[in-house]
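> Just dropping this structure here.
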Amino acid sequence: MPVSQLPSQPIENNSSAATDVTPVVALKELVARLHREQNKIQDLLSSLGFALRSFNNLNQFLELIPLMATRVTDADGSALFLYKPNGQVRLEQLHWQDSRQRKNIRKALEIASSQITLMPNTAPLANATGILDDQMHRYLGPDVQIFGTAILVKHTERGWLYVLSRDPEYSWTETRQKLVRLVADQTAVAIENDELAVELRKKERLDQELEIGAEIQRRLLPRQCPTIPGAVVAARCKPANRVGGDYYDFFATTDNKIQPNTKDGTETSRWGLVIGDVMGKGVPAALIMTMMRGMLRGEVLHGNSPARILQNLNRVMYADLENSHRFVTVFYSEYNPHKRILSYSNAAHNPPLWWHAATKTVSRLDTLGMLIGLDANSQYEDAQVQLEPGDTIIYYTDGLTDAAAAGGDRFDEDNFVAGFNTACKYCNGPQEIVDYLFDQVQEFIGADKQNTDDMTLVVLQIL
């Protein structure tokens, strides 16, 4: 072989090597580009997750959604539609890459969504979505491809997230579907979090209002028991909730005047002792109780007998209670310390128990009478008893006798009477009687169990 031909061989080898290297370089560039694209998508989704954790304003977060959906799918734009409570579909947010086209795109989408009004709980989701797709195709034109996915909050469709593209080669790949579904899920989480925050704020306001109501109710109930000549009084009210429907009151009455619950009562004053129970619990019962307190005190000023006071109270309250499906039981009594006479009338309340010190027996104080608010023309009866030294009267509400143990058994009236009889024999004064009976009821239902009804006790003991 001639020497002049030798250099030609390496030249051919270099050309072949260059040909082999080109696909490798291209493959490396493709991998690098895919890696960069993957990192870009991860960064975008991480930013969206950070915004979800950080934003307190739902609207600010929703502004990011179409931008993120556009970026992760390489689309021309994205639109977020939300359903409103009135059934309308509204374009909530829009992102479009070409600023010159954005105005026309927005106008077309707004017109498309304004043509739709969804009837709550009537239109199937597929039909609703098909209507929105048809309207968007109609107003955007055939050159714009649209791909959408639902915004689901607690399995309820709340809107749609659409990706828009003018590229005829654009395809709704499985990867893009997953990415937009992920963005839509983040949107659903943000909407649910915002609604939970709204509910929490409502609950906080309600808690504040309940606390104010409870404080008002505590102020309306007697702050301390009165000093009645020749007698001792103790009382306790334990609502099932922060506010309740049990009511008790004391007041010294003279001619057309109610004196405060202090030591101002004189031998010539009559002492009003009243207990009541509104059917039901919570705020409605507390409001009725507050109303009844004011009306009852107004009736007492006329100086009528207990029966007449209840009769007038029933007539006044009937109009307010007629449509409320709530009624009130009331036992009203007046004690004359000078004569040791207790006059009373009952409007279907639990009859107070009278422990006779001389015989160590228990009897009931009761008269005929209907619930307050049941019949505007109800009639009530007067009665009176002569009390002797050592006698004890206990007023109570049915929250104590109806208290239920875990097994369903109730404390019932027989247990209550037996407990009262024991307390009168061995307890030292009205306050110990109150404490003993509350302890007995709590032990019966369980030390850790909360009472399900309001409980009130008032004890009057003659010295």
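Identifiers in the structure tokens: chain A, B, ... in order shown; residue index from 1 per chain; ligand index from 1 in order shown.
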Could you list, as a list in words, every residue within 10 Å of Ile212 of chain A, counting only C-alpha atoms and ignoring same-chain residues fewer than 6 positions away?
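The residues that qualify are Leu206, Arg218, Arg242 and Val243 of chain A.
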> Would you mind writing down, as a PyMOL selection string, each residue of segment 128-208 of chain A that DSSP on the backbone assigns to strand (DSSP E or B)?
chain A and resi 145-153+156-165
> Can I get the selection written as an mmCIF file, in the first residue's frame, with C-alpha atoms?

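Dumped to out.cif:
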```
data_model
loop_
_atom_site.group_PDB
_atom_site.id
_atom_site.type_symbol
_atom_site.label_atom_id
_atom_site.label_comp_id
_atom_site.auth_asym_id
_atom_site.auth_seq_id
_atom_site.Cartn_x
_atom_site.Cartn_y
_atom_site.Cartn_z
ATOM 1 C CA GLN A 145 -58.755 23.407 22.825
ATOM 2 C CA ILE A 146 -60.219 23.084 26.323
ATOM 3 C CA PHE A 147 -59.589 20.451 28.961
ATOM 4 C CA GLY A 148 -61.244 20.602 32.401
ATOM 5 C CA THR A 149 -61.335 18.847 35.755
ATOM 6 C CA ALA A 150 -63.786 19.274 38.626
ATOM 7 C CA ILE A 151 -63.146 21.047 41.924
ATOM 8 C CA LEU A 152 -64.527 18.611 44.497
ATOM 9 C CA VAL A 153 -65.052 19.649 48.128
ATOM 10 C CA THR A 156 -69.450 17.862 46.071
ATOM 11 C CA GLU A 157 -68.650 19.626 42.803
ATOM 12 C CA ARG A 158 -67.910 23.272 43.511
ATOM 13 C CA GLY A 159 -66.447 24.390 40.200
ATOM 14 C CA TRP A 160 -64.096 23.543 37.342
ATOM 15 C CA LEU A 161 -60.483 24.215 36.432
ATOM 16 C CA TYR A 162 -59.876 24.452 32.676
ATOM 17 C CA VAL A 163 -56.651 24.434 30.666
ATOM 18 C CA LEU A 164 -56.813 26.259 27.304
ATOM 19 C CA SER A 165 -54.500 25.964 24.309
#
```
> Figure out the distance between atom CA of Ala108 of chain A and atom CA of Leu182 of chain A, please, to one decimal in Å.
26.4 Å
> Between A:Ala358, A:Leu196, A:Val283, A:Ile116, which has the minimum distance to Glu211 of chain A (counting only C-alpha atoms)?
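The closest residue to Glu211 of chain A is A:Val283.
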> So the first atom is atom CA of Ala285 of chain A and the second is atom CA of Glu381 of chain A; what is the distance between them in Å, to one decimal place?
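Calculated distance between atom CA of Ala285 of chain A and atom CA of Glu381 of chain A is 26.0 Å.
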> Pick the closest to Glu92 of chain A from A:Asn415, A:Thr73, A:Ser305, A:Ser113: which is it, counting only C-alpha atoms?
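Checking each candidate against Glu92 of chain A, we get A:Ser113 as the closest.
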> Could you make a table, as a tab-separated table, of the residues of segment 250-327 of chain A that have an atom within 9 Å of an atom of segment 337-356 of chain A, each with its nearest atom pair and distance in Å to one decimal, counting only C-alpha atoms, in chain and number order?

```
residue	atom	partner	partner_atom	distance
A:Thr266	CA	A:Pro337	CA	8.8
A:Glu267	CA	A:His338	CA	5.8
A:Thr268	CA	A:His338	CA	6.9
A:Ser269	CA	A:Pro337	CA	7.7
A:Arg270	CA	A:Pro337	CA	7.2
A:Trp271	CA	A:Pro337	CA	7.9
A:Ile275	CA	A:His349	CA	8.4
A:Gly276	CA	A:His349	CA	7.1
A:Asp277	CA	A:His349	CA	7.6
A:Ser305	CA	A:Ser343	CA	8.3
A:Pro306	CA	A:Ser345	CA	5.4
A:Ala307	CA	A:Ser345	CA	5.2
A:Arg308	CA	A:Ser345	CA	8.8
A:Ile309	CA	A:Ser345	CA	8.9
A:Leu310	CA	A:Ala347	CA	7.2
```
> The selected residues should be written to file as an mmCIF file, in the first residue's frame (atoms: N, CA and C atoms).

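The result, stored in part15.cif:
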```
data_model
loop_
_atom_site.group_PDB
_atom_site.id
_atom_site.type_symbol
_atom_site.label_atom_id
_atom_site.label_comp_id
_atom_site.auth_asym_id
_atom_site.auth_seq_id
_atom_site.Cartn_x
_atom_site.Cartn_y
_atom_site.Cartn_z
ATOM 1 N N THR A 266 -88.216 43.433 106.599
ATOM 2 C CA THR A 266 -88.657 43.673 107.974
ATOM 3 C C THR A 266 -89.684 42.620 108.365
ATOM 4 N N GLU A 267 -90.108 42.664 109.606
ATOM 5 C CA GLU A 267 -91.074 41.684 110.103
ATOM 6 C C GLU A 267 -92.401 41.790 109.364
ATOM 7 N N THR A 268 -92.686 42.970 108.791
ATOM 8 C CA THR A 268 -93.973 43.150 108.115
ATOM 9 C C THR A 268 -93.909 42.792 106.646
ATOM 10 N N SER A 269 -92.719 42.456 106.118
ATOM 11 C CA SER A 269 -92.583 42.130 104.705
ATOM 12 C C SER A 269 -92.999 40.689 104.453
ATOM 13 N N ARG A 270 -93.561 40.459 103.277
ATOM 14 C CA ARG A 270 -93.780 39.107 102.799
ATOM 15 C C ARG A 270 -92.623 38.774 101.868
ATOM 16 N N TRP A 271 -92.144 37.564 101.950
ATOM 17 C CA TRP A 271 -91.006 37.155 101.119
ATOM 18 C C TRP A 271 -91.490 36.236 100.002
ATOM 19 N N ILE A 275 -89.919 29.303 92.002
ATOM 20 C CA ILE A 275 -89.071 28.441 91.196
ATOM 21 C C ILE A 275 -89.838 28.107 89.923
ATOM 22 N N GLY A 276 -89.125 28.013 88.811
ATOM 23 C CA GLY A 276 -89.764 27.729 87.532
ATOM 24 C C GLY A 276 -88.849 26.932 86.627
ATOM 25 N N ASP A 277 -89.443 26.384 85.587
ATOM 26 C CA ASP A 277 -88.685 25.563 84.641
ATOM 27 C C ASP A 277 -89.300 25.726 83.258
ATOM 28 N N SER A 305 -102.918 37.766 95.232
ATOM 29 C CA SER A 305 -102.619 36.469 95.835
ATOM 30 C C SER A 305 -101.751 35.664 94.878
ATOM 31 N N PRO A 306 -101.080 34.608 95.359
ATOM 32 C CA PRO A 306 -100.259 33.785 94.463
ATOM 33 C C PRO A 306 -101.024 33.249 93.263
ATOM 34 N N ALA A 307 -102.258 32.785 93.464
ATOM 35 C CA ALA A 307 -103.031 32.239 92.343
ATOM 36 C C ALA A 307 -103.322 33.319 91.306
ATOM 37 N N ARG A 308 -103.689 34.501 91.764
ATOM 38 C CA ARG A 308 -103.984 35.594 90.830
ATOM 39 C C ARG A 308 -102.711 36.030 90.094
ATOM 40 N N ILE A 309 -101.601 35.998 90.784
ATOM 41 C CA ILE A 309 -100.331 36.352 90.138
ATOM 42 C C ILE A 309 -100.037 35.382 88.994
ATOM 43 N N LEU A 310 -100.211 34.069 89.232
ATOM 44 C CA LEU A 310 -99.965 33.086 88.179
ATOM 45 C C LEU A 310 -100.975 33.216 87.045
#
```
> Excluding Pro239 of chain A and its own-chain neighbours fewer than 2 positions away, which residues fall within 6 Å of it when counting only C-alpha atoms? Please give them as a tab-separated table (two decimals) with C-alpha atoms, in the first residue's frame.

```
chain	number	residue	atom	x	y	z
A	241	ASN	CA	-75.34	24.17	79.25
A	244	GLY	CA	-80.48	27.25	80.95
A	454	ASP	CA	-80.82	21.98	84.33
```
> Could you state the separation of atom CA of Val233 of chain A and atom CA of Phe250 of chain A in Å, given to one decimal place?
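Straight-line distance from atom CA of Val233 of chain A to atom CA of Phe250 of chain A works out to 9.7 Å.
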> Counting only C-alpha atoms, figure out which residue out of A:Thr329, A:Gln217, A:Gln88, A:Asn428 gets nearest to Leu371 of chain A.
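Selected residue with least distance to Leu371 of chain A: A:Thr329.
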> Restricting the calculation to only C-alpha atoms: of A:Ile393, A:Met279, A:Ala376, A:Ile445, which residue gets closest to Ala234 of chain A?
A:Ile393
> From the options A:Val328, A:Val458, A:Asp249, A:Arg71, which residue's atoms come nearest to Asp435 of chain A, counting only C-alpha atoms?
A:Val458
